[in-house]
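Q: Structure provided below as structure tokens; questions to follow.
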Amino acid sequence: MPSPHLQLPLSRRGFLMASAGAGAALALTPAPARAGGGKRPFGRYGSPAARLTPKTLYVDPHGQGDHTSVRDAVTAATGSGWTLVIAPGTYRETVAVDATRPEATWIGASENPRDVVIVYDNAAGTPKPGGGTYGTTGSATTTVQAAGFTARWITFANDWLRADHPEITGTQAVAIKVQGDRSAFHHCRFLGHQDTLYADSTALTAFARQYYSHCYVEGDVDFVFGRATAVYENCHFRTLNRTDLGGAPYGFVFAPSTAGANPRGYLVVRGRISSEAPDAHYKLARPWVPSSDTTARPMLTVRDTCMGPGIDAVAPYTNMSASFPWQNQRFAEYRNTGPGAVITVPENRPQLTAEQAASATRAAYLGDWTPWKEAR
């Protein structure tokens with residue numbers, strides 16, 4: 001019997017404040033804006049009159065901070081080690097943190113990621129003002145290339161919708177592209193449809209390490225993808241319903257593109273995968289071998305994770321290209337639970353041995369970098 005699911009409206013700008021576990025994860029309206037930003041828009045993190053440190057900047061859309069936009073604050077934060085404290089609000093803008101701004105920290109001041117939303121609506125096929133289209137990378141609402149980036153309690157979103165733009169075929173719409181080494185996200189949300197979270201690196205030879213703790217990610221097609229070495233710990237992945245397709249599959253949760261020389265790809269540990277779509281309408285993963293790196297050997301290990309009935313338990317993996325079958329890549333599971341993890345066809349569910357699982361840990365993947373010790 002199919003899982004309960006709702007028919008979503010065609011225009012859903014109100015999805016941004018949706019509850020992470022709600023049945024229609026993109027369909028709820030935002031909370032009302034706080035008049036004047038509130039008496040203490042920065043909570044316990046100081047203010048322009050009482051800075052935490054000389055390198056702390058305050059962002060508030062109502063004018064009580066140093067800047068009213070995240071982009072302007074990033075522009076002002078030249079060099080290393082800046083902290084942005086961001087007051088509640090919806091920041092409709094694109095933001096880029098380039099490599100010259102390492103060791104940056106962004107804090108959602110209310111300590112609730114639903115309150116601080118950075119969002120825009122470019123897709124890969126959206127026309128650019130100067131001609132051409134944005135492409136997948138250019139569609140990103142937020143781009144992080146700097147090393148040592150940390151974000152807490154922030155929502156990163158792309159609210160471009162296929163139904164609003166039937167003339168556009170390039171439907172990839174990235175909420176955030178992360179390329180820097182030692183990038184950490186704690187209690188953040190990543191909202192979109194296709195290609196929501198682009199966990200990548202700056203070059204084929206750069207093995208960027210990333211850590212996602214207690215985060216929520218939703219989408220439909222390849223919505224966690226890229227070539228980073230990334231650990232997703234205690235994260236919730238949610239697959240969305242689709243009314244534009246007549247049958248399964250509706251999409252794919254993971255599409256890693258790990259370089260062949262990289263011994264570590266994506267690791268999902270103690271996670272949860274839920275769905276608002278009918279049962280078995282999503283694949284767990286498919287390998288992405290991009291034309292720019294045909295030697296890639298995508299790697300994904302999912303362990304100690306609960307998979308809901310939305311995942312096709314019989315055939316959870318599929319090919320993106322017949323030239324690179326998933327069986328030749330590095331996909332594995334270990335001690336997963338839930339109806340989407342039931343092993344009915346063993347050859348379709350490669351399992352780690354206990355000895356192999358001993359090396360599939362956050363410490364093995366991230367080496368001397370221990371971001372979980374900084375989680376709050």
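How things are named: the first chain in the structure tokens is A, the next is B, and so on; residues count from 1 in each chain; ligands count from 1 in the order shown.
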Could you find all residues in range 128-263 of chain A that DSSP calls strand (DSSP E) from the backbone, and write them as number ranges by chain?
A: A: 142-144, 150-152, 155-158, 176-178, 183-186, 189-191, 197-199, 209-213, 216-219, 224-226, 229-233, 236-239, 251-256
Q: Name the closest residue to Val342 in chain A among the candidates A:Asn122, A:Thr305, A:Asn241, A:Gln356; distances are taken between atoms, counting only C-alpha atoms.
A: A:Thr305
Q: Looking at A:Val119, A:Ala358, A:Val74, A:Ile107, which one is nearest to Glu93 in chain A, with distances taken over only C-alpha atoms?
A: A:Val119
Q: Select, from A:His165, A:Arg152, A:Arg209, A:Arg349, the residue with the minimum atom-to-atom distance to His187 in chain A, counting only C-alpha atoms.
A: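 Comparing A:His165, A:Arg152, A:Arg209, A:Arg349 against His187 in chain A, the winner is A:Arg152.
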Q: Out of A:Thr258, A:Thr243, A:Thr137, A:Ser292, which residue has the shortest atom-to-atom distance to Ala277 in chain A when counting only C-alpha atoms?
A: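 Once distances to Ala277 in chain A are computed over only C-alpha atoms, the minimum belongs to A:Thr243.
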Q: Excluding Gln64 in chain A and residues on its chain fewer than 3 positions from it, collect all residues at most 10 Å away from it, counting only C-alpha atoms, and give them as a list of chain:residue names.
A: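 Once the nearby chain positions are removed, what remains is A:Gly36, A:Gly37, A:Gly38, A:Lys39, A:Arg40, A:Pro41, A:Phe42, A:Ser47, A:Pro48, A:Tyr58, A:Val59, A:Asp60, A:Pro61, A:His67, A:Thr68, A:Ala87.
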Q: Given only C-alpha atoms as the basis, pick out the residue of A:Phe331, A:Phe149, A:Phe237, A:Tyr212 nearest to Gly271 in chain A.
A: A:Phe237
Q: Would you mind telling me which residue in A:Asp312, A:Asp72, A:Glu276, A:Asp159 lies nearest to Thr344 in chain A when using only C-alpha atoms?
A: A:Asp312
Q: Could you please determine the separation between CA of Ala151 in chain A and CA of Thr229 in chain A in Å, to one decimal place?
A: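 Distance between the two atoms: 17.7 Å.
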Q: Can you list every residue of range 215-268 of chain A that has an atom at most 7 Å from range 283-289 of chain A, with its nearest atom pair and the distance in Å to one decimal, using only C-alpha atoms, ordered by chain then number, as JSON lines?
A:
```
{"residue": "A:Pro249", "atom": "CA", "partner": "A:Lys283", "partner_atom": "CA", "distance": 6.8}
{"residue": "A:Gly251", "atom": "CA", "partner": "A:Lys283", "partner_atom": "CA", "distance": 6.4}
{"residue": "A:Phe252", "atom": "CA", "partner": "A:Lys283", "partner_atom": "CA", "distance": 4.8}
{"residue": "A:Val253", "atom": "CA", "partner": "A:Leu284", "partner_atom": "CA", "distance": 5.3}
{"residue": "A:Phe254", "atom": "CA", "partner": "A:Ala285", "partner_atom": "CA", "distance": 4.5}
{"residue": "A:Ala255", "atom": "CA", "partner": "A:Arg286", "partner_atom": "CA", "distance": 5.2}
{"residue": "A:Pro256", "atom": "CA", "partner": "A:Trp288", "partner_atom": "CA", "distance": 5.8}
{"residue": "A:Ser257", "atom": "CA", "partner": "A:Trp288", "partner_atom": "CA", "distance": 4.9}
```
Q: Would you mind exporting N, CA, C and O atoms of the selected residues as a CSV table (one decimal), in the first residue's frame?
A:
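The resulting file, out_16.csv, is shown below:
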```csv
chain,number,residue,atom,x,y,z
A,249,PRO,N,11.1,5.2,-11.4
A,249,PRO,CA,11.5,5.9,-10.2
A,249,PRO,C,11.3,7.4,-10.3
A,249,PRO,O,11.4,8.0,-11.4
A,251,GLY,N,13.2,9.4,-8.5
A,251,GLY,CA,14.5,10.0,-8.4
A,251,GLY,C,15.4,9.2,-7.6
A,251,GLY,O,15.2,8.0,-7.4
A,252,PHE,N,16.5,9.8,-7.1
A,252,PHE,CA,17.7,9.2,-6.5
A,252,PHE,C,18.2,10.0,-5.4
A,252,PHE,O,18.4,11.2,-5.6
A,253,VAL,N,18.5,9.4,-4.3
A,253,VAL,CA,18.9,10.2,-3.1
A,253,VAL,C,20.4,10.7,-3.3
A,253,VAL,O,20.7,11.9,-3.2
A,254,PHE,N,21.3,9.8,-3.6
A,254,PHE,CA,22.7,10.1,-3.7
A,254,PHE,C,23.2,9.8,-5.2
A,254,PHE,O,22.8,8.9,-5.8
A,255,ALA,N,24.1,10.7,-5.6
A,255,ALA,CA,24.8,10.5,-6.9
A,255,ALA,C,26.3,10.9,-6.7
A,255,ALA,O,26.7,12.0,-7.2
A,256,PRO,N,27.1,10.1,-6.0
A,256,PRO,CA,28.5,10.5,-5.8
A,256,PRO,C,29.3,10.4,-7.1
A,256,PRO,O,28.9,9.6,-8.0
A,257,SER,N,30.3,11.2,-7.2
A,257,SER,CA,31.2,11.2,-8.3
A,257,SER,C,32.6,11.1,-7.9
A,257,SER,O,33.5,11.8,-8.4
```
